[in-house]
Amino acid sequence: MTTSSTKDFSDRLLDLRPSSSFGDKVDEPDPIKTFSDDEEDDNDDSQSMNDNDDDDDEEDDSSKVPFWKQHLVAIVIALIASIAGHLYNQSRTPASSFYNTFLPPLENSLEPHDHLDGFRRTANISFCLKETMPPMATGRLKLMDFYISKEHFPTLQYMYLADQEGTMDTYQNALNNNHGGEWIDDLNIEDSQYQCLLDQYHNKPQNIKLKGHTYYFTDPTMEDIYPELAAASSIGSLNGGGVAKTKVLAVSSRERKRKLQQPPLTFTGFAAKFVNLSSKTVLLFWDGKGGHDSSKRLVAEIAPFESVGTATTPGQSFHVTPLYDAATALQRWVVTADTALIFYEPMTPNEMKRHLLEEENDPKTYAMYQRQVLNQAFARDYTVASKRTWLANFPRQFPMHYMHPAQYIGQEHVIGDWTLKVASVTPRVFIIDNFLTPQECHEIIRLGVDKGLKPSTLHASATARETNDTATRSSSNTWLARDTSYLTEDIYQRAAKLTNIDEDLFQKFHETSAQHHSIAESLQIVRYRKGEEYTPHHDFVSPSINNRFQGTRFATLLIYLNTVEEGGETRFPRAVNNYNAAGLEISPNAGTALLFYNMLEDGNVDDLSQHGSNKILGNANKWVANLWIWDPVIG
Ligand SMILES: O=C(O)CCC(=O)C(=O)O
Ligand SMILES: [Fe+2]
């Protein structure tokens, strides 16, 4: 079979090195894990082909045979592979122009396109009557009310004003030039929702809050996820046994009820978010397992009025310290899933106003503080309605990219030759077999090895610095830009087709470009060796509250490059199903892809999208490629 030969091939060519030096390095899983764990850059680290990690060369006992004879087969294979690789991998460098006569040069235009035209951060909130809210295409979104104190009117007002602006500069100016947070009457804002807000502001007594509406995502029930079982129960009771029973109807009602239950999950983790509502940078520490000073670990540095996300488990404690005095805890919290959004808020709103406006004369920072307080107010109402933690920044436009529906487990969507099979409704996970051929898997691994792998890193938010925590993520990785080869180019095209998103948006991401017109990062190639793992984490990132687009990793396309027999399953430990207390586990199968969404339709990120890679148990390495797709745009 093709898959087993794939494995043999990669075992032989890529997994020859003993992995013992890494095998026992991994600690027990860590109860904290930052939201975003990956470098976003595709910088060209010029590491050599053989990644420098302690390959123990095996003793050669046939030393009397001439070198060339010993290695003849390997040399011939390497030569053929290298020529074939070059033929396949048409680079645009002049040196390979010979091959370019066979294929047209790679196109990588960075033409600005218009998917952000008309983007409005305030698009999905309304201050008019509920009845005027447009009906939603999906039944999973329900209307909710939220209430904003009248003091926050200027903050909203400047958000509407900024949304009217065309460029990033005029947008930021409108946000920042807010006259010290005071309302001014003569702003020319055309938005009809804003007009309703203005009416409320004028017509409501001072102590009555402004009332807004938006939609929140409602969790699917077990009946939604298993409609056949649910139907069996209702048809059974309607027919009362008078009709000939089908196989499904033969299930007793107690049995049906049991089958519609989720086993108690073995994993209790969740995403927590820490917001610094103080005007000084703080350090966020996790207190660690030992509970003494030496066990504490730095999670991230949090700038004033910014935030950081981390995955954790109930009962873990965290504290913040001043930036230059890490020994002094300013405040400490023990987190639970119900208190997963934490504000470090040392001053009252009046004190902060006095401090920033009178003492510091800094209306720009005061405006940022107010946006965070507005977010805090919305977060409370969102949680009351949805029973979920608001981990995004209010207001956040709903995802603009297409999302494949996942109505029940086993549902299928056919796109060309692919079938997307729903493996989980919540979180939304699809399995796609034969996304790559075995040869293509080999080629991607080869490109990754050529580029040079280095130990994977982690970072906590768009603004936090990187860390390298081997207890959390012990793999090695590298990045391949879209225009690396015709194959990578093709993978981006396939990804666009599979996700039903305009292919032009998947253009090569240029870090240096101010244009922000890509939604796709470089392809990340990851190798796990025996004993290595990636503890449960979230792929989404926590953007700055100031960011216009609130971009985050909307979807993950994870492609298995080889088949792994022992361990190495991708695990969604909180996936809802009726059969596995460990959630959803998928064994790597060469060429198969997983598509999952890290966001919900209501603009929040999906806490249940938490996932990781189980430890590799056998001697065969695990290789994956992942492609992160952002909404609405990177950065
Ligand atoms: O290797 C896997 O199965 C998961 C990888 C992953 O979650 C990631 O790279 O973010
Ligand atoms: Fe991940």
# chains A, B, ... in the order shown; residues from 1 in each chain; ligands from 1
>>> select_by_dssp(residues="stretch 140-384 of chain A", states="strand (DSSP E)", output="tab-separated table (two decimals) with N, CA and C atoms, in the first residue's frame")
chain	number	residue	atom	x	y	z
A	141	LEU	N	-26.59	31.54	15.38
A	141	LEU	CA	-26.39	32.88	15.95
A	141	LEU	C	-27.70	33.38	16.53
A	142	LYS	N	-27.64	33.83	17.78
A	142	LYS	CA	-28.84	34.34	18.45
A	142	LYS	C	-28.61	35.79	18.88
A	143	LEU	N	-29.70	36.56	18.84
A	143	LEU	CA	-29.60	37.96	19.23
A	143	LEU	C	-29.32	38.11	20.72
A	144	MET	N	-28.51	39.06	21.08
A	144	MET	CA	-28.32	39.39	22.49
A	144	MET	C	-28.27	40.90	22.68
A	145	ASP	N	-28.61	41.32	23.90
A	145	ASP	CA	-28.49	42.74	24.25
A	145	ASP	C	-27.19	42.94	25.01
A	146	PHE	N	-26.63	44.11	24.88
A	146	PHE	CA	-25.54	44.47	25.79
A	146	PHE	C	-25.73	45.93	26.19
A	147	TYR	N	-25.17	46.27	27.33
A	147	TYR	CA	-25.40	47.59	27.91
A	147	TYR	C	-24.08	48.28	28.17
A	148	ILE	N	-24.05	49.54	27.75
A	148	ILE	CA	-22.81	50.31	27.87
A	148	ILE	C	-23.11	51.59	28.64
A	210	LEU	N	-26.67	52.77	27.63
A	210	LEU	CA	-26.93	52.64	26.19
A	210	LEU	C	-27.12	51.16	25.90
A	211	LYS	N	-28.11	50.87	25.05
A	211	LYS	CA	-28.43	49.46	24.79
A	211	LYS	C	-28.05	49.09	23.36
A	212	GLY	N	-27.23	48.06	23.24
A	212	GLY	CA	-26.85	47.61	21.91
A	212	GLY	C	-27.28	46.17	21.68
A	213	HIS	N	-27.18	45.74	20.46
A	213	HIS	CA	-27.50	44.35	20.11
A	213	HIS	C	-26.38	43.78	19.27
A	214	THR	N	-26.19	42.51	19.44
A	214	THR	CA	-25.34	41.78	18.52
A	214	THR	C	-25.79	40.32	18.55
A	215	TYR	N	-25.02	39.44	17.97
A	215	TYR	CA	-25.38	38.02	17.98
A	215	TYR	C	-24.30	37.24	18.71
A	216	TYR	N	-24.71	36.18	19.37
A	216	TYR	CA	-23.71	35.29	19.97
A	216	TYR	C	-23.95	33.88	19.43
A	217	PHE	N	-22.91	33.12	19.45
A	217	PHE	CA	-22.97	31.76	18.92
A	217	PHE	C	-23.52	30.82	20.00
A	270	PHE	N	-8.50	25.18	29.64
A	270	PHE	CA	-9.28	26.25	29.00
A	270	PHE	C	-8.34	27.41	28.70
A	271	ALA	N	-8.83	28.35	27.91
A	271	ALA	CA	-8.04	29.54	27.59
A	271	ALA	C	-8.32	30.62	28.63
A	272	ALA	N	-7.27	31.23	29.15
A	272	ALA	CA	-7.44	32.37	30.05
A	272	ALA	C	-6.81	33.58	29.38
A	273	LYS	N	-7.34	34.76	29.73
A	273	LYS	CA	-6.80	35.99	29.13
A	273	LYS	C	-6.58	37.01	30.24
A	274	PHE	N	-5.41	37.59	30.25
A	274	PHE	CA	-5.04	38.58	31.26
A	274	PHE	C	-4.91	39.94	30.61
A	275	VAL	N	-5.62	40.91	31.17
A	275	VAL	CA	-5.60	42.26	30.61
A	275	VAL	C	-4.92	43.19	31.60
A	276	ASN	N	-3.97	43.95	31.12
A	276	ASN	CA	-3.29	44.91	31.99
A	276	ASN	C	-4.00	46.26	31.93
A	282	VAL	N	3.61	45.27	32.96
A	282	VAL	CA	3.77	44.28	34.03
A	282	VAL	C	4.28	42.97	33.44
A	283	LEU	N	4.83	42.14	34.34
A	283	LEU	CA	5.21	40.78	33.95
A	283	LEU	C	4.16	39.84	34.51
A	284	LEU	N	3.72	38.91	33.67
A	284	LEU	CA	2.75	37.91	34.13
A	284	LEU	C	3.50	36.61	34.39
A	285	PHE	N	3.36	36.10	35.61
A	285	PHE	CA	3.99	34.82	35.96
A	285	PHE	C	2.94	33.77	36.27
A	286	TRP	N	3.24	32.55	35.89
A	286	TRP	CA	2.50	31.39	36.39
A	286	TRP	C	3.25	30.92	37.61
A	297	ARG	N	7.12	30.73	36.65
A	297	ARG	CA	7.60	30.85	35.27
A	297	ARG	C	6.98	32.06	34.59
A	298	LEU	N	7.81	32.77	33.84
A	298	LEU	CA	7.31	33.95	33.13
A	298	LEU	C	6.40	33.52	31.98
A	299	VAL	N	5.21	34.09	31.93
A	299	VAL	CA	4.31	33.82	30.80
A	299	VAL	C	4.54	34.88	29.73
A	300	ALA	N	4.51	36.15	30.11
A	300	ALA	CA	4.67	37.22	29.13
A	300	ALA	C	4.79	38.55	29.83
A	301	GLU	N	5.25	39.50	29.05
A	301	GLU	CA	5.28	40.89	29.47
A	301	GLU	C	4.01	41.51	28.89
A	302	ILE	N	3.28	42.28	29.68
A	302	ILE	CA	2.05	42.88	29.12
A	302	ILE	C	2.15	44.40	29.19
A	307	SER	N	-3.14	42.81	26.36
A	307	SER	CA	-3.54	41.56	26.99
A	307	SER	C	-2.71	40.41	26.48
A	308	VAL	N	-2.80	39.30	27.19
A	308	VAL	CA	-2.06	38.10	26.83
A	308	VAL	C	-2.96	36.90	27.10
A	309	GLY	N	-2.92	35.93	26.21
A	309	GLY	CA	-3.72	34.74	26.42
A	309	GLY	C	-2.85	33.55	26.74
A	310	THR	N	-3.37	32.62	27.50
A	310	THR	CA	-2.63	31.41	27.82
A	310	THR	C	-3.61	30.27	28.09
A	311	ALA	N	-3.21	29.07	27.73
A	311	ALA	CA	-4.04	27.91	28.07
A	311	ALA	C	-3.61	27.43	29.45
A	312	THR	N	-4.59	27.09	30.28
A	312	THR	CA	-4.26	26.67	31.63
A	312	THR	C	-5.28	25.65	32.13
A	317	SER	N	-2.37	29.15	39.67
A	317	SER	CA	-2.33	30.54	40.11
A	317	SER	C	-1.28	31.33	39.34
A	318	PHE	N	-1.61	32.57	39.12
A	318	PHE	CA	-0.79	33.51	38.33
A	318	PHE	C	-0.62	34.79	39.14
A	319	HIS	N	0.43	35.52	38.87
A	319	HIS	CA	0.55	36.85	39.46
A	319	HIS	C	1.26	37.80	38.51
A	320	VAL	N	1.05	39.08	38.77
A	320	VAL	CA	1.76	40.10	37.98
A	320	VAL	C	2.74	40.84	38.89
A	321	THR	N	3.84	41.29	38.27
A	321	THR	CA	4.85	42.06	39.00
A	321	THR	C	5.20	43.29	38.15
A	322	PRO	N	5.84	44.29	38.79
A	322	PRO	CA	6.35	45.39	37.97
A	322	PRO	C	7.42	44.86	37.02
A	331	GLN	N	-0.47	41.50	42.27
A	331	GLN	CA	-1.77	40.84	42.50
A	331	GLN	C	-1.66	39.39	42.03
A	332	ARG	N	-2.43	38.53	42.70
A	332	ARG	CA	-2.35	37.10	42.38
A	332	ARG	C	-3.78	36.58	42.17
A	333	TRP	N	-3.94	35.65	41.24
A	333	TRP	CA	-5.26	35.06	40.97
A	333	TRP	C	-5.15	33.54	40.86
A	334	VAL	N	-6.18	32.87	41.31
A	334	VAL	CA	-6.32	31.44	41.04
A	334	VAL	C	-7.43	31.34	40.00
A	341	LEU	N	-11.24	35.36	32.29
A	341	LEU	CA	-10.88	36.69	31.77
A	341	LEU	C	-10.54	37.56	32.97
A	342	ILE	N	-9.27	37.91	33.08
A	342	ILE	CA	-8.79	38.57	34.30
A	342	ILE	C	-8.22	39.94	33.98
A	343	PHE	N	-8.69	40.93	34.76
A	343	PHE	CA	-8.20	42.30	34.57
A	343	PHE	C	-7.33	42.69	35.76
A	344	TYR	N	-6.13	43.11	35.48
A	344	TYR	CA	-5.31	43.73	36.54
A	344	TYR	C	-5.66	45.21	36.52
>>> residues_near_ligand(ligand="ligand 1", cutoff="6 Å", atoms="only C-alpha atoms and all ligand atoms", output="ChimeraX atom specification")
/A:539,570,611-613
>>> write_last_selection(atoms="C-alpha atoms", output="compact mmCIF listing (two decimals), in the first residue's frame")
# COMPACT_ATOMS: atom_id res chain seq x y z
CA ASP A 539 -3.71 28.50 17.53
CA THR A 570 -3.66 15.13 17.02
CA HIS A 611 -5.62 20.83 20.55
CA GLY A 612 -2.18 19.29 20.71
CA SER A 613 -0.08 16.43 19.52
>>> residues_near_ligand(ligand="ligand 2", cutoff="12 Å", atoms="only C-alpha atoms and all ligand atoms", output="ChimeraX atom specification")
/A:33-38,311,458,472-473,524,526,533-541,553-559,570-572,594-598,609-614,624-628
>>> atom_distance(atom1="atom CA of A:Pro304", atom2="atom CA of A:Glu345")
10.8 Å
>>> residues_around(residues="A:Leu600", least_positions_apart="3", cutoff="12 Å", atoms="only C-alpha atoms", output="number ranges by chain")
A: 138, 140-141, 215-219, 386, 388, 390-392, 396-406, 425-428, 540, 552-555, 596-597, 603-609, 631
>>> closest_residue(among="A:Gln550, A:Ser279, A:Ser542, A:Ser587", to="A:Thr563", atoms="only C-alpha atoms")
A:Ser587
>>> closest_residue(among="A:Thr221, A:Gln370, A:Asn500, A:Thr132", to="A:Leu277", atoms="only C-alpha atoms")
A:Gln370
